[in-house]
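Raw contents of run_17.cif, mmCIF, C-alpha atoms:
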data_target
loop_
_atom_site.label_atom_id
_atom_site.label_comp_id
_atom_site.auth_asym_id
_atom_site.auth_seq_id
_atom_site.Cartn_x
_atom_site.Cartn_y
_atom_site.Cartn_z
CA MET A 1 -2.95 56.13 1.36
CA ILE A 2 -4.48 53.60 -1.04
CA LEU A 3 -1.61 54.09 -3.49
CA LEU A 4 0.91 53.59 -0.72
CA LEU A 5 -0.88 50.41 0.34
CA LEU A 6 -0.87 49.06 -3.19
CA ALA A 7 2.83 49.88 -3.54
CA ALA A 8 3.59 48.07 -0.32
CA GLN A 9 1.67 45.01 -1.50
CA ALA A 10 3.54 45.05 -4.80
CA ALA A 11 6.91 45.10 -3.05
CA THR A 12 6.81 41.38 -2.28
CA LEU A 13 4.69 38.31 -2.83
CA GLY A 14 6.09 36.79 0.32
CA ALA A 15 4.51 37.02 3.76
CA THR A 16 5.68 37.78 7.28
CA ASN A 17 2.53 37.13 9.28
CA TYR A 18 3.12 33.60 10.53
CA GLY A 19 6.71 33.71 11.75
CA LEU A 20 8.00 31.29 14.36
CA ASP A 21 11.27 30.38 16.03
CA ALA A 22 11.24 26.88 17.48
CA PRO A 23 13.20 23.64 17.22
CA MET A 24 12.50 21.52 14.16
CA PRO A 25 14.58 18.35 14.43
CA THR A 26 15.03 16.00 11.50
CA PRO A 27 13.65 12.47 12.08
CA LYS A 28 16.34 9.96 13.01
CA THR A 29 14.71 7.05 11.19
CA THR A 30 15.38 5.98 7.61
CA PRO A 31 13.50 8.12 5.06
CA ALA A 32 10.66 6.49 3.16
CA PHE A 33 11.93 8.24 0.04
CA ALA A 34 15.28 9.83 -0.78
CA ASP A 35 17.31 10.97 -3.73
CA GLU A 36 20.92 11.67 -2.85
CA PHE A 37 21.79 12.53 -6.47
CA ASN A 38 24.84 10.30 -6.42
CA GLY A 39 24.22 8.72 -9.81
CA ARG A 40 25.53 9.82 -13.18
CA THR A 41 22.19 11.06 -14.46
CA ILE A 42 18.85 12.25 -13.10
CA ASP A 43 16.77 9.26 -12.00
CA ARG A 44 13.74 9.34 -14.28
CA ARG A 45 11.99 6.80 -12.06
CA LYS A 46 11.85 9.51 -9.39
CA TRP A 47 11.51 12.70 -11.45
CA ARG A 48 9.88 13.98 -14.60
CA PHE A 49 10.43 17.23 -16.46
CA ASP A 50 7.52 19.67 -16.67
CA THR A 51 7.44 21.39 -20.07
CA SER A 52 3.67 21.78 -20.28
CA ARG A 53 3.47 25.55 -20.67
CA ASN A 54 6.54 26.27 -22.78
CA ALA A 55 4.61 27.20 -25.91
CA GLU A 56 2.04 29.44 -24.24
CA GLY A 57 4.31 30.82 -21.52
CA TRP A 58 4.49 30.13 -17.80
CA ALA A 59 2.45 31.63 -14.97
CA ASN A 60 3.40 34.87 -13.22
CA HIS A 61 4.77 36.29 -16.50
CA GLU A 62 7.96 34.28 -16.03
CA ARG A 63 10.52 34.46 -18.82
CA GLN A 64 12.05 30.97 -18.98
CA TYR A 65 11.73 27.97 -21.26
CA TYR A 66 11.87 24.70 -19.29
CA ALA A 67 14.00 22.15 -21.15
CA LYS A 68 13.63 18.37 -20.96
CA ASP A 69 16.60 16.01 -20.72
CA ARG A 70 19.07 18.80 -21.48
CA PRO A 71 22.24 18.64 -19.37
CA ARG A 72 22.91 22.34 -19.91
CA ASN A 73 19.85 22.98 -17.74
CA ALA A 74 19.61 19.95 -15.44
CA ARG A 75 22.30 17.42 -14.56
CA ILE A 76 24.06 15.59 -11.76
CA GLU A 77 27.37 17.16 -10.83
CA LYS A 78 29.62 16.12 -7.91
CA GLY A 79 26.77 14.50 -6.02
CA SER A 80 24.25 17.31 -6.47
CA LEU A 81 21.39 18.04 -8.81
CA ILE A 82 22.18 21.21 -10.75
CA ILE A 83 19.33 23.23 -12.23
CA GLU A 84 20.84 25.98 -14.36
CA ALA A 85 19.13 28.97 -15.93
CA ARG A 86 20.88 30.43 -18.97
CA ARG A 87 20.46 33.53 -21.11
CA GLU A 88 20.05 32.14 -24.61
CA THR A 89 17.78 32.12 -27.62
CA LEU A 90 16.61 28.70 -28.75
CA SER A 91 15.01 27.65 -32.03
CA LYS A 92 11.81 25.98 -33.15
CA ALA A 93 13.83 23.56 -35.23
CA ARG A 94 15.46 21.96 -32.17
CA PHE A 95 12.78 22.84 -29.61
CA PRO A 96 9.31 22.65 -31.25
CA ASP A 97 7.54 23.86 -28.10
CA TRP A 98 9.78 26.91 -27.69
CA GLY A 99 7.61 29.96 -27.03
CA GLY A 100 10.13 32.66 -27.84
CA GLN A 101 11.66 32.85 -24.37
CA SER A 102 15.10 34.41 -23.91
CA TYR A 103 16.12 32.15 -21.03
CA SER A 104 16.30 28.38 -20.55
CA SER A 105 16.03 26.44 -17.30
CA ALA A 106 14.47 23.24 -15.91
CA LYS A 107 11.59 22.17 -13.70
CA LEU A 108 11.59 18.74 -12.06
CA VAL A 109 8.46 17.17 -10.57
CA SER A 110 8.35 14.07 -8.38
CA ARG A 111 6.91 10.98 -10.05
CA VAL A 112 5.02 10.02 -6.90
CA PRO A 113 2.92 12.56 -4.98
CA ARG A 114 3.31 12.55 -1.20
CA GLY A 115 1.28 13.98 1.64
CA TYR A 116 1.66 14.29 5.38
CA GLY A 117 5.16 13.77 6.68
CA PHE A 118 8.54 15.43 7.07
CA TYR A 119 10.45 16.73 4.04
CA GLU A 120 14.04 17.95 3.94
CA VAL A 121 15.81 19.39 0.91
CA ARG A 122 19.44 20.47 1.24
CA ALA A 123 20.10 23.16 -1.34
CA MET A 124 22.21 26.15 -2.31
CA LEU A 125 20.22 28.88 -4.04
CA PRO A 126 21.13 31.47 -6.70
CA CYS A 127 21.04 35.19 -5.92
CA GLY A 128 21.42 36.81 -9.36
CA ARG A 129 18.86 39.53 -10.02
CA GLY A 130 16.03 38.01 -12.00
CA SER A 131 16.47 34.47 -10.65
CA TRP A 132 13.58 32.86 -8.77
CA PRO A 133 14.42 29.41 -7.34
CA ALA A 134 11.79 27.37 -5.53
CA VAL A 135 11.22 24.10 -3.70
CA TRP A 136 7.48 23.62 -3.40
CA LEU A 137 4.49 21.29 -3.48
CA LEU A 138 1.40 21.43 -5.67
CA PRO A 139 -1.38 18.90 -6.27
CA SER A 140 -2.30 17.68 -9.74
CA GLY A 141 -5.67 18.68 -11.16
CA GLY A 142 -8.06 21.36 -10.03
CA ARG A 143 -7.63 25.11 -10.15
CA TRP A 144 -5.07 27.25 -8.38
CA PRO A 145 -5.25 28.31 -5.58
CA ASP A 146 -8.31 26.26 -4.61
CA GLU A 147 -6.34 23.02 -4.29
CA GLY A 148 -3.52 24.64 -2.28
CA GLU A 149 0.21 25.24 -2.62
CA ILE A 150 3.04 24.80 -0.11
CA ASP A 151 6.27 26.73 -0.74
CA ILE A 152 9.07 25.23 1.35
CA VAL A 153 11.53 27.83 0.14
CA GLU A 154 11.61 30.60 -2.45
CA LEU A 155 14.17 33.33 -3.03
CA VAL A 156 14.12 36.27 -5.43
CA GLY A 157 17.52 37.44 -6.62
CA TRP A 158 16.84 41.14 -6.19
CA ASP A 159 16.46 40.49 -2.44
CA PRO A 160 19.42 38.14 -1.93
CA ASN A 161 19.79 35.81 1.05
CA VAL A 162 16.17 36.26 2.19
CA VAL A 163 14.26 32.98 2.03
CA HIS A 164 10.49 32.76 2.04
CA ALA A 165 8.11 30.04 3.28
CA THR A 166 4.47 30.38 2.25
CA VAL A 167 1.20 28.47 1.92
CA HIS A 168 -1.62 29.41 -0.45
CA SER A 169 -5.28 28.43 -0.56
CA GLY A 170 -8.50 29.78 -2.01
CA ALA A 171 -9.05 32.16 0.89
CA PHE A 172 -5.41 32.90 1.66
CA ASN A 173 -3.22 33.73 -1.33
CA HIS A 174 -1.09 36.52 -2.76
CA THR A 175 -3.70 37.66 -5.30
CA LYS A 176 -5.79 38.75 -2.31
CA GLY A 177 -2.85 39.88 -0.19
CA THR A 178 -3.84 37.29 2.41
CA GLN A 179 -1.06 34.71 1.89
CA ARG A 180 0.26 33.08 5.05
CA GLY A 181 3.97 32.68 5.59
CA ALA A 182 7.22 34.10 6.88
CA GLN A 183 10.68 35.06 5.72
CA LYS A 184 14.14 34.71 7.19
CA ARG A 185 17.48 36.20 6.33
CA VAL A 186 20.05 33.46 5.69
CA PRO A 187 23.35 35.29 4.96
CA THR A 188 24.90 32.28 3.21
CA ALA A 189 21.83 31.03 1.32
CA CYS A 190 23.63 31.52 -1.99
CA THR A 191 27.12 30.38 -1.01
CA ARG A 192 26.45 27.34 1.19
CA TYR A 193 24.03 24.46 1.41
CA HIS A 194 21.16 24.76 3.89
CA ARG A 195 18.44 22.35 4.96
CA TYR A 196 14.95 23.51 4.02
CA GLN A 197 12.29 21.57 5.89
CA LEU A 198 8.56 20.92 5.92
CA ASP A 199 6.57 19.17 8.64
CA TRP A 200 3.12 18.61 7.11
CA ARG A 201 0.43 17.31 9.41
CA ALA A 202 -3.35 17.11 9.17
CA ASP A 203 -3.87 20.16 11.34
CA VAL A 204 -0.68 22.19 11.01
CA ILE A 205 2.08 23.01 8.51
CA THR A 206 5.52 24.01 9.79
CA ILE A 207 8.41 25.12 7.59
CA GLY A 208 11.98 25.61 8.78
CA VAL A 209 15.63 26.11 7.94
CA ASP A 210 18.51 24.13 9.42
CA GLY A 211 16.53 22.63 12.26
CA ARG A 212 14.68 25.81 13.31
CA ALA A 213 11.06 26.47 12.39
CA VAL A 214 10.47 29.83 10.71
CA MET A 215 6.74 29.52 9.90
CA ARG A 216 3.72 27.68 11.23
CA VAL A 217 0.16 27.74 9.89
CA ALA A 218 -2.62 25.83 11.65
CA ASN A 219 -5.99 24.64 10.43
CA ASP A 220 -7.81 27.09 12.66
CA GLN A 221 -9.64 29.38 10.22
CA PRO A 222 -13.24 29.10 8.98
CA GLY A 223 -13.91 28.43 5.33
CA GLY A 224 -13.45 24.69 4.94
CA LYS A 225 -11.44 23.78 1.87
CA ALA A 226 -10.92 27.46 0.98
CA ALA A 227 -8.90 27.83 4.17
CA TRP A 228 -7.40 24.34 4.39
CA PRO A 229 -7.17 22.29 1.18
CA PHE A 230 -4.01 20.52 2.38
CA THR A 231 -5.61 17.11 2.72
CA ARG A 232 -4.25 15.04 -0.19
CA PRO A 233 -0.87 14.14 -1.66
CA TYR A 234 1.04 16.83 -3.59
CA ASP A 235 3.84 16.69 -6.14
CA LEU A 236 7.23 17.96 -4.99
CA ILE A 237 8.71 20.48 -7.43
CA LEU A 238 12.28 21.77 -7.90
CA ASN A 239 12.65 24.63 -10.36
CA LEU A 240 14.52 27.80 -11.21
CA ALA A 241 12.37 30.46 -12.86
CA VAL A 242 13.58 33.69 -14.45
CA GLY A 243 11.84 37.03 -14.11
CA GLY A 244 8.12 37.08 -13.46
CA ASP A 245 5.90 39.28 -11.33
CA TRP A 246 8.06 38.73 -8.26
CA GLY A 247 11.41 37.43 -9.48
CA GLY A 248 11.65 40.09 -12.17
CA GLN A 249 10.20 42.93 -10.19
CA LYS A 250 13.46 44.86 -10.33
CA GLY A 251 14.54 43.64 -13.74
CA ILE A 252 16.90 40.90 -14.84
CA ASP A 253 20.66 41.24 -14.74
CA ASP A 254 21.70 39.34 -17.86
CA THR A 255 25.36 39.62 -16.88
CA ALA A 256 24.64 37.46 -13.80
CA PHE A 257 23.64 34.46 -15.89
CA PRO A 258 24.00 31.53 -15.94
CA GLN A 259 22.50 31.04 -12.49
CA ARG A 260 22.24 27.67 -10.76
CA MET A 261 20.37 25.99 -7.95
CA ALA A 262 22.22 23.03 -6.44
CA VAL A 263 20.32 20.32 -4.53
CA ASP A 264 22.39 17.93 -2.45
CA TYR A 265 19.50 15.66 -1.49
CA VAL A 266 15.74 15.29 -1.14
CA ARG A 267 14.39 13.20 1.75
CA TYR A 268 10.90 12.35 2.96
CA TRP A 269 9.70 10.59 6.11
CA ARG A 270 6.17 9.31 6.55
CA PRO A 271 4.31 10.46 9.67
CA ALA A 272 5.04 8.48 12.78
CA PRO A 273 2.16 6.09 13.56
CA SER A 274 -0.18 7.43 16.22
CA ARG A 275 -0.32 5.58 19.51
CA SER A 276 -3.70 4.30 20.57
CA ARG A 277 -4.97 5.19 24.01
CA ARG A 278 -5.96 2.51 26.49
#
Write-out of the structure in structure tokens:
Amino acid sequence: MILLLLAAQAATLGATNYGLDAPMPTPKTTPAFADEFNGRTIDRRKWRFDTSRNAEGWANHERQYYAKDRPRNARIEKGSLIIEARRETLSKARFPDWGGQSYSSAKLVSRVPRGYGFYEVRAMLPCGRGSWPAVWLLPSGGRWPDEGEIDIVELVGWDPNVVHATVHSGAFNHTKGTQRGAQKRVPTACTRYHRYQLDWRADVITIGVDGRAVMRVANDQPGGKAAWPFTRPYDLILNLAVGGDWGGQKGIDDTAFPQRMAVDYVRYWRPAPSRSRR
């Protein structure tokens, strides 16, 4: 029984325990921040490339090298941001921080951290086995998972067209099997653009797809920060990993590469001002 339980836990790092089906309308006001990716190049005033763990290797036993300013891995194409993972061997001569990885990709991080509010990212995800695209938020500094993590959408290529929404904290995370989240089958996740949404408030986090909430987690558990660290601005991250404990759980299909994640836009609305009572 214990072995069966461990096998079941190993089957996925996603969660299904906080599912919801409810309307999740996009604000009708002008976003406080937006990148429509209509320029010729990635706007470095809005985004930076994260290459910090290339030499030592990335978390979760992922297999990619994250390139910086390399159009083969990140570029603007026909009004969308393209993040492309490729099967290739690089060299120390051209890439001094190369850690021997067999795949290249890119990881973009927002220049300005943001907190409570409504986020919407319109994206088309890859479904090749071994790919692991993500749109997520993480704070700078501190230790994971104590400072929290919000995953607006993840998809692992060996389970195509199933999108995952998850939040992690010190008390609720996948290393303990207590992560809070939900999953939804989106049959066209890898062939069409969909709107992935986050409504982040002081007391509740809701994540949805195309105007329908799929997950909601409230600040209703004991434990203080261990249960609810979601109280300060986080960086927004767009990346395409390869392999890893979850993405590579059923191997990597090298014939499926290159794989690409396309992002049509990123938009953020500040919370509506609260009305005072008289």
(request) Run the PyMOL selection byres ((chain A and resi 118) around 8) against the file shown and list the residues it catches, as a PyMOL selection string. (result) chain A and resi 26-27+116-117+119-120+197-200+268-271
Put those residues in a file: C-alpha atoms, as a short mmCIF file (atom, residue, chain, number, x, y, z; two decimals), in the frame of the given file.
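Result saved to selection24.cif:
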data_model
loop_
_atom_site.label_atom_id
_atom_site.label_comp_id
_atom_site.auth_asym_id
_atom_site.auth_seq_id
_atom_site.Cartn_x
_atom_site.Cartn_y
_atom_site.Cartn_z
CA THR A 26 15.03 16.00 11.50
CA PRO A 27 13.65 12.47 12.08
CA TYR A 116 1.66 14.29 5.38
CA GLY A 117 5.16 13.77 6.68
CA TYR A 119 10.45 16.73 4.04
CA GLU A 120 14.04 17.95 3.94
CA GLN A 197 12.29 21.57 5.89
CA LEU A 198 8.56 20.92 5.92
CA ASP A 199 6.57 19.17 8.64
CA TRP A 200 3.12 18.61 7.11
CA TYR A 268 10.90 12.35 2.96
CA TRP A 269 9.70 10.59 6.11
CA ARG A 270 6.17 9.31 6.55
CA PRO A 271 4.31 10.46 9.67
#
(request) Can you pull out every residue within 7 Å of A:Trp158, counting all atoms listed in the file, but drop anything in the same chain fewer than 5 positions away, and send it as a PyMOL selection string? (result) chain A and resi 129-130+250
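Those residues returned by the PyMOL selection byres ((chain A and resi 65) around 6) for this file are Asn54, Gln64, Tyr66, Gln101 and Ser104 of chain A.
What separates atom CA of A:Gly243 from atom CA of A:His61 is a distance of 7.5 Å.
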(request) Enumerate, as an MDAnalysis selection string, the residues matched when the PyMOL selection byres ((chain A and resi 157) around 7) is run on the file above. (result) chainID A and resid 126:132 155:156 158:160 247
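In terms of minimum interatomic distance to A:Thr206, A:Thr166 ranks closest within A:Ser80, A:Thr166, A:Thr175, A:Asn60, counting only C-alpha atoms.
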(request) Rank nothing, just name the residue among A:Ser110, A:Ser52, A:Asn219, A:Thr188 nearest to A:Ser169, using all atoms listed in the file. (result)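 Looking only at the distances to A:Ser169, the closest residue turns out to be A:Asn219.
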(request) Take atom CA of A:Glu62 and atom CA of A:Trp246 and report the distance between them in Å, one decimal. (result) 9.0 Å
(request) Using all atoms listed in the file, collect all residues at a distance of at most 8 Å from (4.7, 12.8, -4.4) as written in the file, then present them as a VMD selection string. (result) chain A and resid 110 to 115 233 to 236
(request) Check the smallest atom-to-atom distance from each of A:Phe172, A:Ile83, A:Asn17, A:Asn38 to A:Gly223 using only C-alpha atoms, then report the winner. (result) A:Phe172
(request) Can you work out the spacing between atom CA of A:Leu240 and atom CA of A:Arg86 in Å, to one decimal? (result) 10.4 Å
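With distances restricted to all atoms listed in the file, A:Leu108 is the closest residue to A:Arg48 from A:Ala22, A:Ala34, A:Leu108, A:Val167.
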(message) I'd like to know which of A:Val163, A:Ile150, A:Val266, A:Ala15 is closest to A:Thr178, using all atoms listed in the file.
(response)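 Among A:Val163, A:Ile150, A:Val266, A:Ala15, it is A:Ala15 that comes nearest to A:Thr178.
Nearest residue to A:Arg44 among A:Asp264, A:Asp146, A:Asp21, A:Asp69 is A:Asp69, counting all atoms listed in the file.
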Non-local contacts of A:Val121 (12 Å; all atoms listed in the file; under 6 positions in same chain excluded) as an mmCIF file with C-alpha atoms, keeping the file's coordinate frame:
data_model
loop_
_atom_site.group_PDB
_atom_site.id
_atom_site.type_symbol
_atom_site.label_atom_id
_atom_site.label_comp_id
_atom_site.auth_asym_id
_atom_site.auth_seq_id
_atom_site.Cartn_x
_atom_site.Cartn_y
_atom_site.Cartn_z
ATOM 1 C CA THR A 26 15.030 16.000 11.500
ATOM 2 C CA PHE A 33 11.930 8.240 0.040
ATOM 3 C CA ALA A 34 15.280 9.830 -0.780
ATOM 4 C CA ASP A 35 17.310 10.970 -3.730
ATOM 5 C CA GLU A 36 20.920 11.670 -2.850
ATOM 6 C CA PHE A 37 21.790 12.530 -6.470
ATOM 7 C CA SER A 80 24.250 17.310 -6.470
ATOM 8 C CA LEU A 81 21.390 18.040 -8.810
ATOM 9 C CA ALA A 134 11.790 27.370 -5.530
ATOM 10 C CA VAL A 135 11.220 24.100 -3.700
ATOM 11 C CA TRP A 136 7.480 23.620 -3.400
ATOM 12 C CA ILE A 152 9.070 25.230 1.350
ATOM 13 C CA VAL A 153 11.530 27.830 0.140
ATOM 14 C CA TYR A 193 24.030 24.460 1.410
ATOM 15 C CA HIS A 194 21.160 24.760 3.890
ATOM 16 C CA ARG A 195 18.440 22.350 4.960
ATOM 17 C CA TYR A 196 14.950 23.510 4.020
ATOM 18 C CA GLN A 197 12.290 21.570 5.890
ATOM 19 C CA LEU A 198 8.560 20.920 5.920
ATOM 20 C CA ILE A 207 8.410 25.120 7.590
ATOM 21 C CA GLY A 208 11.980 25.610 8.780
ATOM 22 C CA VAL A 209 15.630 26.110 7.940
ATOM 23 C CA ASP A 210 18.510 24.130 9.420
ATOM 24 C CA GLY A 211 16.530 22.630 12.260
ATOM 25 C CA LEU A 236 7.230 17.960 -4.990
ATOM 26 C CA ILE A 237 8.710 20.480 -7.430
ATOM 27 C CA LEU A 238 12.280 21.770 -7.900
ATOM 28 C CA MET A 261 20.370 25.990 -7.950
ATOM 29 C CA ALA A 262 22.220 23.030 -6.440
ATOM 30 C CA VAL A 263 20.320 20.320 -4.530
ATOM 31 C CA ASP A 264 22.390 17.930 -2.450
ATOM 32 C CA TYR A 265 19.500 15.660 -1.490
ATOM 33 C CA VAL A 266 15.740 15.290 -1.140
ATOM 34 C CA ARG A 267 14.390 13.200 1.750
ATOM 35 C CA TYR A 268 10.900 12.350 2.960
ATOM 36 C CA TRP A 269 9.700 10.590 6.110
#
